[in-house]
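Reading through the structure tokens given below for one structure.
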Amino acid sequence: MHRLLRTVIALIITASGVASAQSLPPKLVAPGVWFLEGDAHAGYCNSILIEMDTYLVLVDPSYPGRTRELMDEIPKLSPKPVKYVFDTHAHGDHAYGNALWTKAGATTLAYVGVRNEMLRYEPQRWQAAMEKREDVRALHEPAVQPPMQVFKGRKFVLRDSHREVDFLHLGWGHTQGDGYVWLPKEKILCTGDAAVNGPRNKLWDANVANWPKVLGKAAALGPKIVLPGHGAAGGVEIVTGQATFLRDLYAAVKAQINLPLNQLKVTLPQRDANWTRPDMSQHIGIIYAEIKSGKPAGSLPHAWQ
Ligand SMILES: [Zn+2]
């Protein structure tokens with residue numbers, strides 16, 4: 001009965017999305033840099049707060065429910081205003097809080113690919129999220145608000161007397177809009193969902209063949225601290241392990257590409273355990289389609305499930 005009750009409560013929380021979020025307390029990972037781990041049960045991503053001389057930069061606003069939590073939390077960490085809010089990519093669990101931040105006076109910022117992905121996939125995904133999530137519904141907005149400012153090319157830099165923050169696009173991995181945040185002095189890398197810590201990958205919008213190569217570029221920066229889009233913080237092993245998992249999975253599917261999809265059997269090595277789900281069929285199907293078509297999975301017609 002106890003267990004049943006817990007399950008029912010968990011289901012209610014998941015369904016409402018904001019009923020009782022239990023995001024973790026902020027962790028100071030370097031002077032003026034906080035890792036803000038969102039409540040996975042509410043669907044929230046991780047966020048990062050970076051303190052500049054006169055203002056704050058927030059990486060990933062997450063869903064509106066998490067944005068409201070962050071708006072309570074951040075003034076306890078620093079009295080400076082949030083000037084920039086960076087979307088690492090277009091997915092709802094990272095970017096759907098945008099409108100609340102611009103209303104509060106911040107400038108939302110992203111690689112141009114984020115705006116392009118929103119043009120490609122929205123407002124259908126926003127409408128689907130409204131069906132499921134009270135925090136999205138409560139905004140009474142017809143669509144996600146795209147980033148106000150975008151950068152093209154590889155890099156956009158914010159710099160002041162104490163800190164440099166590099167916003168990087170290294171290529172198409174998790175999505176075509178993937179942006180990384182790199183603090184070169186502190187050697188801190190924020191990866192969004194290009195690297196996650198745990199079995200939390202989403203492959204629908206990806207270029208799976210290219211993704212590990214992009215992660216290779218990220219690892220080559222030499223990060224000492226890696227702050228992923230989901231899961232706990234760590235070191236460069238989050239980036240290299242994520243790349244190895246994707247490479248192993250891709251190779252395993254490719255080795256059996258002449259079989260019908262339902263006959264594929266994939267067993268991954270132990271080194272991939274952190275990213276391996278009990279049921280890998282969705283990942284396998286996406287990679288199978290990518291290899292068969294010769295085109296990135298994210299360029300094929302697909303739905304967000
Ligand atoms: Zn994502």
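Ordering of the structure tokens sets the chain letters (A, B, ...); residue numbers start at 1 within each chain; ligands are numbered from 1 in the order shown.
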Those of segment 46-239 of chain A in DSSP alpha helix (DSSP H), formatted as a VMD selection string: chain A and resid 64 to 77 92 to 95 98 to 103 112 to 121 124 to 132 134 to 137 211 to 220 237 to 239
Considering only C-alpha atoms, tabulate each residue of segment 25-123 of chain A that lies at most 10 Å from segment 173-179 of chain A along with its nearest interatomic pair and the corresponding distance in Å to one decimal; arrange the rows by chain and ascending residue number and present them as a tab-separated table.
residue	atom	partner	partner_atom	distance
A:Phe86	CA	A:Gly179	CA	8.7
A:Asp87	CA	A:Gly179	CA	7.5
A:Thr88	CA	A:Gly179	CA	4.6
A:His89	CA	A:Asp178	CA	5.1
A:Ala90	CA	A:Gly177	CA	7.0
A:His91	CA	A:Thr175	CA	8.9
A:Ala110	CA	A:Gly179	CA	7.0
A:Tyr111	CA	A:Gly179	CA	6.0
A:Val112	CA	A:Gly177	CA	6.8
A:Gly113	CA	A:Gly177	CA	3.8
A:Val114	CA	A:Gly177	CA	4.4
A:Arg115	CA	A:Gly177	CA	7.8
A:Asn116	CA	A:Gly177	CA	7.6
A:Glu117	CA	A:Gly177	CA	6.8
A:Met118	CA	A:Gly177	CA	9.5
Take the residues that were just selected and, keeping all heavy atoms, output them as a compact mmCIF listing (two decimals), in the first residue's frame.
# COMPACT_ATOMS: atom_id res chain seq x y z
N PHE A 86 20.91 32.13 -21.55
CA PHE A 86 21.37 31.39 -22.72
C PHE A 86 20.61 30.08 -22.87
O PHE A 86 20.53 29.30 -21.92
CB PHE A 86 22.88 31.11 -22.59
CG PHE A 86 23.47 30.41 -23.78
CD1 PHE A 86 23.60 31.07 -25.00
CD2 PHE A 86 23.90 29.09 -23.70
CE1 PHE A 86 24.15 30.43 -26.10
CE2 PHE A 86 24.45 28.44 -24.80
CZ PHE A 86 24.58 29.11 -26.00
N ASP A 87 20.07 29.83 -24.06
CA ASP A 87 19.44 28.53 -24.37
C ASP A 87 20.49 27.64 -25.02
O ASP A 87 20.94 27.93 -26.12
CB ASP A 87 18.29 28.70 -25.38
CG ASP A 87 17.13 29.53 -24.84
OD1 ASP A 87 16.97 29.61 -23.61
OD2 ASP A 87 16.38 30.09 -25.68
N THR A 88 20.83 26.52 -24.37
CA THR A 88 21.81 25.62 -25.00
C THR A 88 21.22 24.94 -26.23
O THR A 88 21.96 24.51 -27.10
CB THR A 88 22.29 24.52 -24.02
OG1 THR A 88 21.14 23.77 -23.57
CG2 THR A 88 23.04 25.11 -22.85
N HIS A 89 19.89 24.79 -26.26
CA HIS A 89 19.21 24.28 -27.46
C HIS A 89 17.72 24.54 -27.31
O HIS A 89 17.28 25.13 -26.33
CB HIS A 89 19.55 22.81 -27.71
CG HIS A 89 19.16 21.85 -26.62
ND1 HIS A 89 19.71 21.87 -25.37
CD2 HIS A 89 18.26 20.84 -26.61
CE1 HIS A 89 19.18 20.91 -24.64
NE2 HIS A 89 18.29 20.27 -25.36
N ALA A 90 16.95 24.10 -28.31
CA ALA A 90 15.55 24.53 -28.42
C ALA A 90 14.56 23.67 -27.62
O ALA A 90 13.38 24.00 -27.57
CB ALA A 90 15.13 24.52 -29.90
N HIS A 91 15.01 22.60 -27.01
CA HIS A 91 14.06 21.71 -26.34
C HIS A 91 13.35 22.40 -25.18
O HIS A 91 13.95 23.19 -24.45
CB HIS A 91 14.78 20.44 -25.86
CG HIS A 91 15.16 19.54 -27.00
ND1 HIS A 91 16.12 18.56 -26.89
CD2 HIS A 91 14.69 19.47 -28.28
CE1 HIS A 91 16.23 17.93 -28.06
NE2 HIS A 91 15.37 18.47 -28.90
N ALA A 110 21.15 32.76 -27.86
CA ALA A 110 21.42 31.39 -28.30
C ALA A 110 22.17 31.40 -29.62
O ALA A 110 22.24 32.43 -30.30
CB ALA A 110 20.11 30.61 -28.49
N TYR A 111 22.70 30.26 -29.98
CA TYR A 111 23.22 30.05 -31.32
C TYR A 111 22.04 30.10 -32.29
O TYR A 111 20.93 29.68 -31.94
CB TYR A 111 23.94 28.69 -31.39
CG TYR A 111 24.37 28.32 -32.78
CD1 TYR A 111 25.31 29.09 -33.46
CD2 TYR A 111 23.82 27.22 -33.43
CE1 TYR A 111 25.68 28.77 -34.75
CE2 TYR A 111 24.20 26.89 -34.72
CZ TYR A 111 25.12 27.67 -35.38
OH TYR A 111 25.48 27.36 -36.66
N VAL A 112 22.30 30.62 -33.49
CA VAL A 112 21.22 30.84 -34.46
C VAL A 112 20.43 29.56 -34.76
O VAL A 112 19.22 29.60 -35.05
CB VAL A 112 21.78 31.46 -35.78
CG1 VAL A 112 22.73 30.50 -36.49
CG2 VAL A 112 20.66 31.91 -36.70
N GLY A 113 21.08 28.41 -34.62
CA GLY A 113 20.41 27.13 -34.87
C GLY A 113 19.24 26.88 -33.93
O GLY A 113 18.32 26.12 -34.26
N VAL A 114 19.25 27.51 -32.75
CA VAL A 114 18.14 27.34 -31.81
C VAL A 114 16.88 28.00 -32.38
O VAL A 114 15.79 27.42 -32.36
CB VAL A 114 18.49 27.93 -30.43
CG1 VAL A 114 17.27 27.97 -29.51
CG2 VAL A 114 19.61 27.12 -29.78
N ARG A 115 17.06 29.21 -32.91
CA ARG A 115 15.92 29.89 -33.51
C ARG A 115 15.41 29.09 -34.71
O ARG A 115 14.21 28.90 -34.89
CB ARG A 115 16.33 31.30 -33.95
CG ARG A 115 15.16 32.19 -34.28
CD ARG A 115 15.59 33.62 -34.54
NE ARG A 115 16.53 33.71 -35.66
CZ ARG A 115 17.21 34.81 -35.99
NH1 ARG A 115 17.07 35.90 -35.25
NH2 ARG A 115 18.04 34.83 -37.01
N ASN A 116 16.33 28.57 -35.51
CA ASN A 116 15.94 27.77 -36.68
C ASN A 116 15.18 26.50 -36.27
O ASN A 116 14.22 26.12 -36.92
CB ASN A 116 17.17 27.39 -37.50
CG ASN A 116 17.82 28.61 -38.14
OD1 ASN A 116 17.17 29.65 -38.25
ND2 ASN A 116 19.07 28.50 -38.52
N GLU A 117 15.63 25.86 -35.19
CA GLU A 117 14.94 24.65 -34.74
C GLU A 117 13.54 24.98 -34.22
O GLU A 117 12.61 24.21 -34.41
CB GLU A 117 15.74 23.94 -33.64
CG GLU A 117 17.05 23.39 -34.15
CD GLU A 117 17.17 21.88 -34.04
OE1 GLU A 117 17.17 21.38 -32.91
OE2 GLU A 117 17.27 21.21 -35.08
N MET A 118 13.40 26.13 -33.57
CA MET A 118 12.07 26.54 -33.11
C MET A 118 11.15 26.80 -34.31
O MET A 118 9.97 26.45 -34.27
CB MET A 118 12.16 27.76 -32.21
CG MET A 118 12.72 27.42 -30.84
SD MET A 118 12.90 28.88 -29.81
CE MET A 118 13.55 28.13 -28.29
Within 10 Å of ligand 1, counting only C-alpha atoms and all ligand atoms, residues as a VMD selection string: chain A and resid 45 88 to 95 174 to 175 178 192 to 196 200 to 206 229 to 230
Just to be explicit: take each residue in the selection above, keep N, CA and C atoms, and write the result as an mmCIF file, in the first residue's frame.
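That gives us part36.cif:
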data_model
loop_
_atom_site.group_PDB
_atom_site.id
_atom_site.type_symbol
_atom_site.label_atom_id
_atom_site.label_comp_id
_atom_site.auth_asym_id
_atom_site.auth_seq_id
_atom_site.Cartn_x
_atom_site.Cartn_y
_atom_site.Cartn_z
ATOM 1 N N CYS A 45 15.660 20.611 -16.486
ATOM 2 C CA CYS A 45 17.072 20.406 -16.808
ATOM 3 C C CYS A 45 17.923 21.080 -15.733
ATOM 4 N N THR A 88 20.829 26.523 -24.373
ATOM 5 C CA THR A 88 21.808 25.616 -24.998
ATOM 6 C C THR A 88 21.219 24.940 -26.230
ATOM 7 N N HIS A 89 19.892 24.791 -26.262
ATOM 8 C CA HIS A 89 19.212 24.280 -27.457
ATOM 9 C C HIS A 89 17.717 24.541 -27.314
ATOM 10 N N ALA A 90 16.953 24.105 -28.315
ATOM 11 C CA ALA A 90 15.551 24.526 -28.420
ATOM 12 C C ALA A 90 14.560 23.673 -27.617
ATOM 13 N N HIS A 91 15.012 22.604 -27.008
ATOM 14 C CA HIS A 91 14.059 21.707 -26.341
ATOM 15 C C HIS A 91 13.346 22.397 -25.176
ATOM 16 N N GLY A 92 12.069 22.008 -24.998
ATOM 17 C CA GLY A 92 11.223 22.668 -24.021
ATOM 18 C C GLY A 92 11.762 22.646 -22.607
ATOM 19 N N ASP A 93 12.368 21.534 -22.215
ATOM 20 C CA ASP A 93 12.863 21.428 -20.837
ATOM 21 C C ASP A 93 14.074 22.332 -20.595
ATOM 22 N N HIS A 94 14.562 22.969 -21.663
ATOM 23 C CA HIS A 94 15.668 23.928 -21.529
ATOM 24 C C HIS A 94 15.237 25.368 -21.803
ATOM 25 N N ALA A 95 14.303 25.558 -22.753
ATOM 26 C CA ALA A 95 14.058 26.911 -23.278
ATOM 27 C C ALA A 95 12.661 27.472 -23.025
ATOM 28 N N HIS A 174 23.409 16.720 -30.496
ATOM 29 C CA HIS A 174 22.062 16.459 -29.951
ATOM 30 C C HIS A 174 20.984 17.167 -30.781
ATOM 31 N N THR A 175 21.251 18.427 -31.181
ATOM 32 C CA THR A 175 20.362 19.180 -32.078
ATOM 33 C C THR A 175 21.235 20.042 -32.990
ATOM 34 N N ASP A 178 22.852 23.205 -30.981
ATOM 35 C CA ASP A 178 23.636 23.006 -29.748
ATOM 36 C C ASP A 178 24.627 24.135 -29.474
ATOM 37 N N GLY A 192 24.822 21.532 -22.014
ATOM 38 C CA GLY A 192 23.440 21.250 -22.384
ATOM 39 C C GLY A 192 23.266 19.749 -22.539
ATOM 40 N N ASP A 193 22.421 19.323 -23.471
ATOM 41 C CA ASP A 193 22.182 17.881 -23.634
ATOM 42 C C ASP A 193 23.137 17.215 -24.614
ATOM 43 N N ALA A 194 24.119 17.972 -25.119
ATOM 44 C CA ALA A 194 25.136 17.342 -25.952
ATOM 45 C C ALA A 194 25.889 16.287 -25.147
ATOM 46 N N ALA A 195 25.977 16.492 -23.831
ATOM 47 C CA ALA A 195 26.503 15.462 -22.927
ATOM 48 C C ALA A 195 25.666 15.483 -21.657
ATOM 49 N N VAL A 196 25.102 14.323 -21.327
ATOM 50 C CA VAL A 196 24.326 14.201 -20.089
ATOM 51 C C VAL A 196 24.988 13.142 -19.216
ATOM 52 N N ARG A 200 19.912 9.588 -20.203
ATOM 53 C CA ARG A 200 18.937 10.652 -20.456
ATOM 54 C C ARG A 200 19.008 11.217 -21.871
ATOM 55 N N ASN A 201 19.698 10.509 -22.765
ATOM 56 C CA ASN A 201 19.834 11.021 -24.137
ATOM 57 C C ASN A 201 18.514 11.027 -24.890
ATOM 58 N N LYS A 202 18.359 12.053 -25.741
ATOM 59 C CA LYS A 202 17.244 12.107 -26.701
ATOM 60 C C LYS A 202 17.878 12.242 -28.081
ATOM 61 N N LEU A 203 17.515 11.346 -28.987
ATOM 62 C CA LEU A 203 18.212 11.269 -30.274
ATOM 63 C C LEU A 203 17.403 11.783 -31.463
ATOM 64 N N TRP A 204 16.137 12.133 -31.252
ATOM 65 C CA TRP A 204 15.262 12.445 -32.398
ATOM 66 C C TRP A 204 15.803 13.544 -33.301
ATOM 67 N N ASP A 205 16.352 14.601 -32.714
ATOM 68 C CA ASP A 205 16.780 15.766 -33.503
ATOM 69 C C ASP A 205 18.277 15.722 -33.815
ATOM 70 N N ALA A 206 18.891 14.577 -33.577
ATOM 71 C CA ALA A 206 20.358 14.497 -33.590
ATOM 72 C C ALA A 206 20.947 14.178 -34.959
ATOM 73 N N GLY A 229 23.604 18.866 -19.059
ATOM 74 C CA GLY A 229 22.206 19.309 -19.100
ATOM 75 C C GLY A 229 21.300 18.526 -18.174
ATOM 76 N N HIS A 230 21.662 17.290 -17.895
ATOM 77 C CA HIS A 230 20.922 16.451 -16.938
ATOM 78 C C HIS A 230 21.927 15.594 -16.177
#
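Rounded to one decimal, atom CA of Tyr84 of chain A and atom CA of Val57 of chain A lie 4.8 Å from each other.
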Point out the residue among A:Glu51, A:Glu237, A:Asp60, A:Asp248 with the least atom-to-atom distance to Glu164 of chain A, counting only C-alpha atoms.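 Under the stated criterion, the closest residue is A:Glu51.
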Proximity of segment 241-284 of chain A to segment 288-293 of chain A: per-residue shortest pair, 10 Å limit, only C-alpha atoms, as JSON lines:
{"residue": "A:Tyr250", "atom": "CA", "partner": "A:Tyr288", "partner_atom": "CA", "distance": 8.4}
{"residue": "A:Val253", "atom": "CA", "partner": "A:Tyr288", "partner_atom": "CA", "distance": 6.4}
{"residue": "A:Lys254", "atom": "CA", "partner": "A:Ile291", "partner_atom": "CA", "distance": 7.1}
{"residue": "A:Gln256", "atom": "CA", "partner": "A:Tyr288", "partner_atom": "CA", "distance": 9.2}
{"residue": "A:Ile257", "atom": "CA", "partner": "A:Tyr288", "partner_atom": "CA", "distance": 6.9}
{"residue": "A:Asn258", "atom": "CA", "partner": "A:Lys292", "partner_atom": "CA", "distance": 9.2}
{"residue": "A:Pro260", "atom": "CA", "partner": "A:Tyr288", "partner_atom": "CA", "distance": 9.6}
{"residue": "A:Leu261", "atom": "CA", "partner": "A:Tyr288", "partner_atom": "CA", "distance": 7.2}
{"residue": "A:Leu264", "atom": "CA", "partner": "A:Tyr288", "partner_atom": "CA", "distance": 9.5}
{"residue": "A:Gln282", "atom": "CA", "partner": "A:Tyr288", "partner_atom": "CA", "distance": 9.9}
{"residue": "A:His283", "atom": "CA", "partner": "A:Tyr288", "partner_atom": "CA", "distance": 8.5}
{"residue": "A:Ile284", "atom": "CA", "partner": "A:Tyr288", "partner_atom": "CA", "distance": 5.9}
Give me the residues near Pro75 of chain A as a ChimeraX atom specification, where near means some atom within 12 Å (using only C-alpha atoms) and where sequence neighbours in that chain fewer than 4 positions away do not count. /A:49,51,55-56,69-71,79-82
Work out how far atom CA of Tyr96 of chain A is from atom CA of Pro147 of chain A, in Å to one decimal. 10.4 Å
Selection near Thr244 of chain A, 10 Å with only C-alpha atoms, sequence-local residues under 2 positions removed, as a PyMOL selection string: chain A and resi 212+215-216+237-242+246-250+271-272+275
Restricted to N, CA, C and O atoms, what would the selected residues look like written as a PDB file, in the first residue's frame?
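Saved to part-v2.pdb:
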ATOM      1  N   PRO A 212      29.579  12.354 -31.770  1.00  0.00           N
ATOM      2  CA  PRO A 212      30.835  12.093 -31.029  1.00  0.00           C
ATOM      3  C   PRO A 212      31.997  12.953 -31.511  1.00  0.00           C
ATOM      4  O   PRO A 212      32.876  13.302 -30.712  1.00  0.00           O
ATOM      5  N   LEU A 215      31.669  16.175 -29.770  1.00  0.00           N
ATOM      6  CA  LEU A 215      32.090  16.019 -28.368  1.00  0.00           C
ATOM      7  C   LEU A 215      33.614  15.942 -28.257  1.00  0.00           C
ATOM      8  O   LEU A 215      34.191  16.368 -27.250  1.00  0.00           O
ATOM      9  N   GLY A 216      34.250  15.416 -29.290  1.00  0.00           N
ATOM     10  CA  GLY A 216      35.716  15.400 -29.328  1.00  0.00           C
ATOM     11  C   GLY A 216      36.277  16.816 -29.278  1.00  0.00           C
ATOM     12  O   GLY A 216      37.253  17.085 -28.585  1.00  0.00           O
ATOM     13  N   GLU A 237      35.194  13.132 -18.204  1.00  0.00           N
ATOM     14  CA  GLU A 237      34.692  11.781 -18.499  1.00  0.00           C
ATOM     15  C   GLU A 237      33.214  11.781 -18.899  1.00  0.00           C
ATOM     16  O   GLU A 237      32.758  10.847 -19.560  1.00  0.00           O
ATOM     17  N   ILE A 238      32.482  12.823 -18.507  1.00  0.00           N
ATOM     18  CA  ILE A 238      31.081  12.913 -18.957  1.00  0.00           C
ATOM     19  C   ILE A 238      31.048  13.120 -20.475  1.00  0.00           C
ATOM     20  O   ILE A 238      30.239  12.519 -21.182  1.00  0.00           O
ATOM     21  N   VAL A 239      31.953  13.930 -20.968  1.00  0.00           N
ATOM     22  CA  VAL A 239      31.994  14.242 -22.403  1.00  0.00           C
ATOM     23  C   VAL A 239      32.567  13.060 -23.189  1.00  0.00           C
ATOM     24  O   VAL A 239      31.985  12.619 -24.190  1.00  0.00           O
ATOM     25  N   THR A 240      33.672  12.522 -22.736  1.00  0.00           N
ATOM     26  CA  THR A 240      34.304  11.416 -23.475  1.00  0.00           C
ATOM     27  C   THR A 240      33.467  10.142 -23.361  1.00  0.00           C
ATOM     28  O   THR A 240      33.342   9.388 -24.321  1.00  0.00           O
ATOM     29  N   GLY A 241      32.860   9.912 -22.185  1.00  0.00           N
ATOM     30  CA  GLY A 241      32.002   8.729 -21.997  1.00  0.00           C
ATOM     31  C   GLY A 241      30.756   8.804 -22.853  1.00  0.00           C
ATOM     32  O   GLY A 241      30.336   7.814 -23.456  1.00  0.00           O
ATOM     33  N   GLN A 242      30.182  10.018 -22.937  1.00  0.00           N
ATOM     34  CA  GLN A 242      29.008  10.212 -23.796  1.00  0.00           C
ATOM     35  C   GLN A 242      29.362   9.912 -25.251  1.00  0.00           C
ATOM     36  O   GLN A 242      28.611   9.260 -25.971  1.00  0.00           O
ATOM     37  N   LEU A 246      27.871   6.804 -27.699  1.00  0.00           N
ATOM     38  CA  LEU A 246      27.216   7.046 -29.001  1.00  0.00           C
ATOM     39  C   LEU A 246      27.951   6.317 -30.122  1.00  0.00           C
ATOM     40  O   LEU A 246      27.329   5.748 -31.018  1.00  0.00           O
ATOM     41  N   ARG A 247      29.280   6.312 -30.038  1.00  0.00           N
ATOM     42  CA  ARG A 247      30.074   5.627 -31.063  1.00  0.00           C
ATOM     43  C   ARG A 247      29.835   4.115 -31.014  1.00  0.00           C
ATOM     44  O   ARG A 247      29.637   3.478 -32.043  1.00  0.00           O
ATOM     45  N   ASP A 248      29.820   3.564 -29.801  1.00  0.00           N
ATOM     46  CA  ASP A 248      29.598   2.115 -29.639  1.00  0.00           C
ATOM     47  C   ASP A 248      28.214   1.723 -30.144  1.00  0.00           C
ATOM     48  O   ASP A 248      28.044   0.701 -30.820  1.00  0.00           O
ATOM     49  N   LEU A 249      27.218   2.524 -29.790  1.00  0.00           N
ATOM     50  CA  LEU A 249      25.842   2.216 -30.167  1.00  0.00           C
ATOM     51  C   LEU A 249      25.682   2.284 -31.692  1.00  0.00           C
ATOM     52  O   LEU A 249      25.078   1.404 -32.313  1.00  0.00           O
ATOM     53  N   TYR A 250      26.257   3.328 -32.266  1.00  0.00           N
ATOM     54  CA  TYR A 250      26.179   3.509 -33.727  1.00  0.00           C
ATOM     55  C   TYR A 250      26.849   2.327 -34.442  1.00  0.00           C
ATOM     56  O   TYR A 250      26.300   1.766 -35.395  1.00  0.00           O
ATOM     57  N   ARG A 271      31.631  -0.155 -20.278  1.00  0.00           N
ATOM     58  CA  ARG A 271      32.027   1.263 -20.215  1.00  0.00           C
ATOM     59  C   ARG A 271      30.867   2.201 -20.572  1.00  0.00           C
ATOM     60  O   ARG A 271      30.914   3.394 -20.284  1.00  0.00           O
ATOM     61  N   ASP A 272      29.820   1.653 -21.219  1.00  0.00           N
ATOM     62  CA  ASP A 272      28.679   2.476 -21.628  1.00  0.00           C
ATOM     63  C   ASP A 272      27.513   2.428 -20.633  1.00  0.00           C
ATOM     64  O   ASP A 272      26.453   3.006 -20.881  1.00  0.00           O
ATOM     65  N   TRP A 275      25.088   5.330 -19.612  1.00  0.00           N
ATOM     66  CA  TRP A 275      24.167   5.923 -20.603  1.00  0.00           C
ATOM     67  C   TRP A 275      23.179   4.903 -21.161  1.00  0.00           C
ATOM     68  O   TRP A 275      22.332   5.244 -21.974  1.00  0.00           O
TER      69      TRP A 275
END
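Going from atom CA of Asn98 of chain A over to atom CA of Gly65 of chain A, you cover 11.5 Å.
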Which residue gives the smallest distance to His162 of chain A among A:Met52, A:Pro301, A:Glu122, A:Ala243, with only C-alpha atoms counted? A:Met52
In segment 195-287 of chain A, what's strand (DSSP E) per DSSP? Answer as an mmCIF file with N, CA, C and O atoms, in the first residue's frame?
data_model
loop_
_atom_site.group_PDB
_atom_site.id
_atom_site.type_symbol
_atom_site.label_atom_id
_atom_site.label_comp_id
_atom_site.auth_asym_id
_atom_site.auth_seq_id
_atom_site.Cartn_x
_atom_site.Cartn_y
_atom_site.Cartn_z
ATOM 1 N N ILE A 225 35.910 20.899 -15.098
ATOM 2 C CA ILE A 225 34.571 20.679 -14.531
ATOM 3 C C ILE A 225 33.581 20.680 -15.685
ATOM 4 O O ILE A 225 33.574 21.606 -16.500
ATOM 5 N N VAL A 226 32.759 19.634 -15.749
ATOM 6 C CA VAL A 226 31.726 19.554 -16.775
ATOM 7 C C VAL A 226 30.356 19.588 -16.098
ATOM 8 O O VAL A 226 30.082 18.803 -15.177
ATOM 9 N N LEU A 227 29.533 20.532 -16.541
ATOM 10 C CA LEU A 227 28.189 20.705 -15.992
ATOM 11 C C LEU A 227 27.196 20.308 -17.087
ATOM 12 O O LEU A 227 26.964 21.061 -18.039
ATOM 13 N N PRO A 228 26.623 19.088 -16.965
ATOM 14 C CA PRO A 228 25.781 18.565 -18.045
ATOM 15 C C PRO A 228 24.344 19.080 -17.962
ATOM 16 O O PRO A 228 23.928 19.623 -16.939
#
For Arg66 of chain A, the closest of A:Asp160, A:Asp53, A:Asp135, A:Met130 counting only C-alpha atoms is A:Asp135
